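S.K.: Enclosed is the structure file work_31.txt (compact mmCIF, C-alpha atoms).
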```txt
# COMPACT_ATOMS: atom_id res chain seq x y z
CA MET A 67 27.81 82.34 94.66
CA PRO A 68 29.84 83.96 97.53
CA ILE A 69 31.79 80.71 97.89
CA LEU A 70 32.62 80.69 94.15
CA LEU A 71 33.80 84.31 94.36
CA ALA A 72 36.03 83.49 97.34
CA ILE A 73 37.58 80.52 95.47
CA ILE A 74 38.30 82.68 92.39
CA LEU A 75 39.91 85.43 94.48
CA CYS A 76 42.04 82.93 96.39
CA SER A 77 43.23 81.24 93.22
CA CYS A 78 44.17 84.60 91.67
CA ALA A 79 46.13 85.52 94.77
CA ALA A 80 47.88 82.16 94.66
CA ARG A 81 48.81 82.64 91.02
CA LYS A 82 50.08 86.13 91.72
CA GLN A 83 52.38 84.87 94.45
CA GLN A 84 53.75 82.12 92.23
CA ALA A 85 54.48 84.60 89.43
CA THR A 86 56.76 86.72 91.63
CA PRO A 87 60.32 85.87 90.53
CA VAL A 88 62.84 84.74 93.10
CA SER A 89 66.30 86.30 92.80
CA PRO A 90 68.86 83.57 92.14
CA VAL A 91 71.99 83.42 94.24
CA VAL A 92 74.84 84.43 91.95
CA THR A 93 78.28 83.09 92.71
CA PRO A 94 81.04 84.98 90.87
CA SER A 95 83.22 82.81 88.64
CA LYS A 96 86.34 84.73 89.77
CA PRO A 97 87.05 85.96 93.26
CA VAL A 98 85.99 89.60 93.55
CA THR A 99 89.03 91.78 94.13
CA ALA A 100 88.99 95.27 95.57
CA VAL A 101 90.68 98.11 93.74
CA HIS A 102 94.19 98.64 95.10
CA PRO A 103 94.37 102.01 96.89
CA VAL A 104 97.72 103.04 95.37
CA LEU A 105 97.68 101.33 91.98
CA GLY A 106 94.04 102.12 91.23
CA ILE A 107 93.41 98.68 89.68
CA PRO A 108 92.03 95.36 90.91
CA VAL A 109 94.88 93.14 92.10
CA PRO A 110 94.19 89.39 91.97
CA ALA A 111 94.84 87.34 95.09
CA SER A 112 97.34 85.33 93.04
CA ALA A 113 99.52 88.39 92.28
CA ASN A 114 103.14 88.28 93.42
CA THR A 115 103.17 90.29 96.67
CA SER A 116 106.76 91.41 96.15
CA LEU A 117 105.86 92.76 92.69
CA VAL A 118 102.77 94.59 94.01
CA ASN A 119 104.84 96.20 96.79
CA THR A 120 107.44 97.27 94.23
CA LEU A 121 104.76 98.70 91.92
CA GLU A 122 103.40 100.77 94.84
CA LYS A 123 106.85 102.19 95.47
CA TRP A 124 107.43 103.28 91.85
CA LYS A 125 103.95 104.45 90.80
CA GLY A 126 103.91 108.17 90.10
CA THR A 127 107.70 108.49 89.72
CA PRO A 128 108.42 111.18 87.10
CA TYR A 129 109.79 110.19 83.69
CA ARG A 130 113.40 111.05 82.94
CA PHE A 131 115.25 109.72 79.89
CA GLY A 132 118.15 107.58 81.10
CA GLY A 133 116.87 107.85 84.68
CA ASN A 134 117.13 104.97 87.10
CA THR A 135 116.07 106.46 90.45
CA SER A 136 112.94 107.57 92.28
CA SER A 137 113.64 111.16 91.19
CA GLY A 138 113.20 110.15 87.54
CA ILE A 139 113.18 106.94 85.52
CA ASP A 140 112.66 105.78 81.94
CA CYS A 141 110.86 102.64 80.74
CA SER A 142 113.84 100.29 80.58
CA GLY A 143 115.19 101.66 83.87
CA LEU A 144 111.83 100.90 85.46
CA ILE A 145 111.88 97.31 84.16
CA HIS A 146 115.46 96.96 85.39
CA GLN A 147 114.45 98.17 88.88
CA LEU A 148 111.23 96.11 89.03
CA TYR A 149 113.02 92.89 88.12
CA LYS A 150 115.81 93.62 90.59
CA GLU A 151 113.51 94.48 93.50
CA ALA A 152 110.58 92.10 92.91
CA TYR A 153 112.34 89.09 91.36
CA GLN A 154 116.01 89.57 92.35
CA LEU A 155 116.97 89.33 88.66
CA VAL A 156 119.21 91.54 86.52
CA THR A 157 117.84 92.68 83.17
CA PRO A 158 119.36 94.57 80.25
CA ARG A 159 119.21 98.33 80.70
CA THR A 160 117.94 99.41 77.29
CA THR A 161 114.69 98.68 75.46
CA ALA A 162 116.68 97.44 72.44
CA ASP A 163 118.56 94.92 74.60
CA LEU A 164 115.38 93.86 76.42
CA PHE A 165 113.78 93.21 73.03
CA THR A 166 116.71 91.24 71.57
CA GLN A 167 117.04 89.14 74.73
CA SER A 168 113.35 88.25 74.84
CA SER A 169 111.57 85.34 73.21
CA ILE A 170 108.53 86.64 71.36
CA ILE A 171 105.33 85.08 72.70
CA PRO A 172 101.66 85.32 71.70
CA VAL A 173 99.75 88.07 73.49
CA ASP A 174 97.30 85.51 74.86
CA SER A 175 100.26 83.76 76.57
CA LEU A 176 101.31 86.83 78.57
CA GLN A 177 102.01 86.15 82.23
CA GLU A 178 102.79 88.47 85.12
CA GLY A 179 106.34 89.78 84.66
CA ASP A 180 106.50 89.36 80.86
CA LEU A 181 107.37 92.37 78.73
CA VAL A 182 105.35 94.33 76.21
CA PHE A 183 107.06 96.37 73.48
CA PHE A 184 105.88 99.36 71.45
CA THR A 185 107.25 101.10 68.36
CA ILE A 186 106.43 104.80 68.45
CA GLY A 187 107.96 107.08 65.82
CA THR A 188 110.91 104.78 65.09
CA SER A 189 111.54 101.60 63.10
CA LYS A 190 112.18 99.41 66.14
CA PRO A 191 110.72 99.09 69.64
CA GLY A 192 111.58 102.12 71.73
CA HIS A 193 109.15 101.70 74.62
CA ALA A 194 108.51 98.78 76.96
CA GLY A 195 106.46 97.88 79.99
CA ILE A 196 106.04 94.96 82.36
CA TYR A 197 102.85 92.94 82.00
CA LEU A 198 100.72 92.62 85.13
CA TRP A 199 97.41 90.79 84.52
CA ASP A 200 94.06 91.33 82.78
CA GLN A 201 95.62 93.24 79.85
CA LEU A 202 97.29 95.76 82.20
CA PHE A 203 100.93 96.77 82.13
CA PHE A 204 103.19 99.02 84.19
CA HIS A 205 105.48 101.51 82.45
CA ALA A 206 107.15 104.90 82.55
CA SER A 207 105.12 107.30 80.41
CA THR A 208 106.99 110.33 79.08
CA SER A 209 103.97 112.54 79.85
CA LYS A 210 102.54 111.03 83.05
CA GLY A 211 105.43 109.21 84.72
CA VAL A 212 105.20 105.68 86.06
CA MET A 213 101.68 104.34 85.66
CA VAL A 214 99.39 101.46 84.78
CA SER A 215 97.89 101.30 81.27
CA SER A 216 95.81 98.79 79.34
CA LEU A 217 96.80 96.98 76.17
CA GLN A 218 93.18 97.57 75.12
CA GLU A 219 93.57 101.36 74.96
CA ALA A 220 93.50 102.60 71.35
CA TYR A 221 96.87 104.34 71.68
CA TRP A 222 98.70 101.23 72.93
CA LYS A 223 96.94 98.98 70.40
CA LYS A 224 98.16 101.27 67.62
CA TYR A 225 101.83 101.06 68.65
CA PHE A 226 101.99 97.55 70.12
CA THR A 227 104.85 95.58 68.57
CA ALA A 228 105.34 92.37 70.54
CA ALA A 229 105.02 90.51 73.79
CA GLY A 230 108.22 88.98 75.12
CA ARG A 231 109.62 86.80 77.84
CA LEU A 232 113.25 87.31 78.86
CA ARG A 233 115.28 84.22 77.94
CA LYS A 234 117.87 84.57 80.69
CA ALA A 235 118.11 87.01 83.52
CA PRO A 236 120.97 86.52 85.97
CA VAL A 237 119.97 86.13 89.60
CA LEU A 238 121.32 88.78 91.98
CA LYS A 239 123.84 87.47 94.45
CA PRO A 240 122.93 88.03 98.11
```
Once more with this new file: its structure as structure tokens, please.
M.R.:
Amino acid sequence: MPILLAIILCSCAARKQQATPVSPVVTPSKPVTAVHPVLGIPVPASANTSLVNTLEKWKGTPYRFGGNTSSGIDCSGLIHQLYKEAYQLVTPRTTADLFTQSSIIPVDSLQEGDLVFFTIGTSKPGHAGIYLWDQLFFHASTSKGVMVSSLQEAYWKKYFTAAGRLRKAPVLKP
């Protein structure tokens, strides 16, 4: 009988050990990216370094209608400066001209550097931003200055008008 009891106890212990789950090794499908210290968002390794450096420089700049400098800038002025500094391209200076000179594209085709347009309190787009990645865009907010927002935020969903890609932007001459 003592031998039978020892066999039963050993088999229970063996079953108990087998029942303990082993944690699987999880490999992320995308490279994990740290949150950028200035922008406050994850920046993919594939992001244009020149654009990221330019975003750092402008983030937090106060909003000023018609402004085009670090002391105050509006949304189209910001796009104008970003394209000039990050891509060495010249863009139209007004939201209306940015909109008319853009080809409308599906939202799911947005790429870094494309434009997003919003109609707020008018009959045509009066606000624009530059698309970054992962539904994020960079723009000059009238209340918070230059910042990153998400196309998924209820406010921006409500006023979103179109996604656009500039058809032609002249290259700056060195």
S.K.: Put the listed atoms of range 189-200 of chain A in a box along x, y and z with 3 Å added on every side and give me the centre and edge lengths in Å to one decimal, as JSON.
M.R.:
```
{"center_x": 103.1, "center_y": 96.5, "center_z": 74.1, "size_x": 24.1, "size_y": 17.3, "size_z": 28.0}
```
S.K.: Which residue out of A:Val156, A:Ile171, A:Leu117, A:Ala206 has the minimum interatomic distance to Ala194 in chain A when all atoms listed in the file are used?
M.R.: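 Checking each of A:Val156, A:Ile171, A:Leu117, A:Ala206 against Ala194 in chain A, counting all atoms listed in the file, the winner is A:Ala206.
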S.K.: Between A:Val101, A:Val212, A:Gly230, A:Val237, which residue has the minimum interatomic distance to Thr161 in chain A, considering all atoms listed in the file?
M.R.: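 Using all atoms listed in the file, Thr161 in chain A sits closest to A:Gly230.
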S.K.: Work out how far CA of Ser175 in chain A is from CA of Lys234 in chain A, in Å to one decimal.
M.R.: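 These two atoms are separated by 18.1 Å.
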S.K.: Identify which of the residues A:Ala113, A:Leu181, A:Val173, A:Leu232 lies closest to His193 in chain A, counting only C-alpha atoms when measuring atom-to-atom distances.
M.R.: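 With only C-alpha atoms as the atom set, the closest residue is A:Leu181.
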S.K.: At a cut-off of 9 Å, using only C-alpha atoms, what residues contact range 132-149 of chain A? Leave out same-chain residues fewer than 2 positions from it and give the result as JSON, numbers by chain.
M.R.: {"A": [117, 120, 121, 123, 124, 127, 128, 129, 130, 151, 152, 153, 154, 155, 156, 157, 158, 159, 160, 161, 164, 179, 181, 193, 194, 195, 196, 204, 205, 206, 207, 208, 211, 212]}
S.K.: CA of Leu202 in chain A to CA of Phe184 in chain A: how many Å, to one decimal?
M.R.: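 CA of Phe184 in chain A lies 14.2 Å from CA of Leu202 in chain A.
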S.K.: Taking all atoms listed in the file into account, name the residue in A:Val104, A:Ala162, A:Ala229, A:Ala111 that is nearest to Gly126 in chain A.
M.R.: A:Val104
S.K.: My list of candidates is A:Phe203, A:Val109, A:Pro191, A:Ser216. Which is closest to Thr166 in chain A when distances are computed with all atoms listed in the file?
M.R.: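 Of the candidates, the smallest distance to Thr166 in chain A is held by A:Pro191.
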S.K.: Kindly indicate which residue among A:Arg233, A:Phe226, A:Glu122, A:Glu219 lies nearest to Ile107 in chain A, using all atoms listed in the file for the distances.
M.R.: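 Distance minimum relative to Ile107 in chain A lands on A:Glu122.
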S.K.: What is the distance between CA of Leu105 in chain A and CA of Met213 in chain A, in Å to one decimal?
M.R.: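 If I compute the distance from CA of Leu105 in chain A to CA of Met213 in chain A, I get 8.1 Å.
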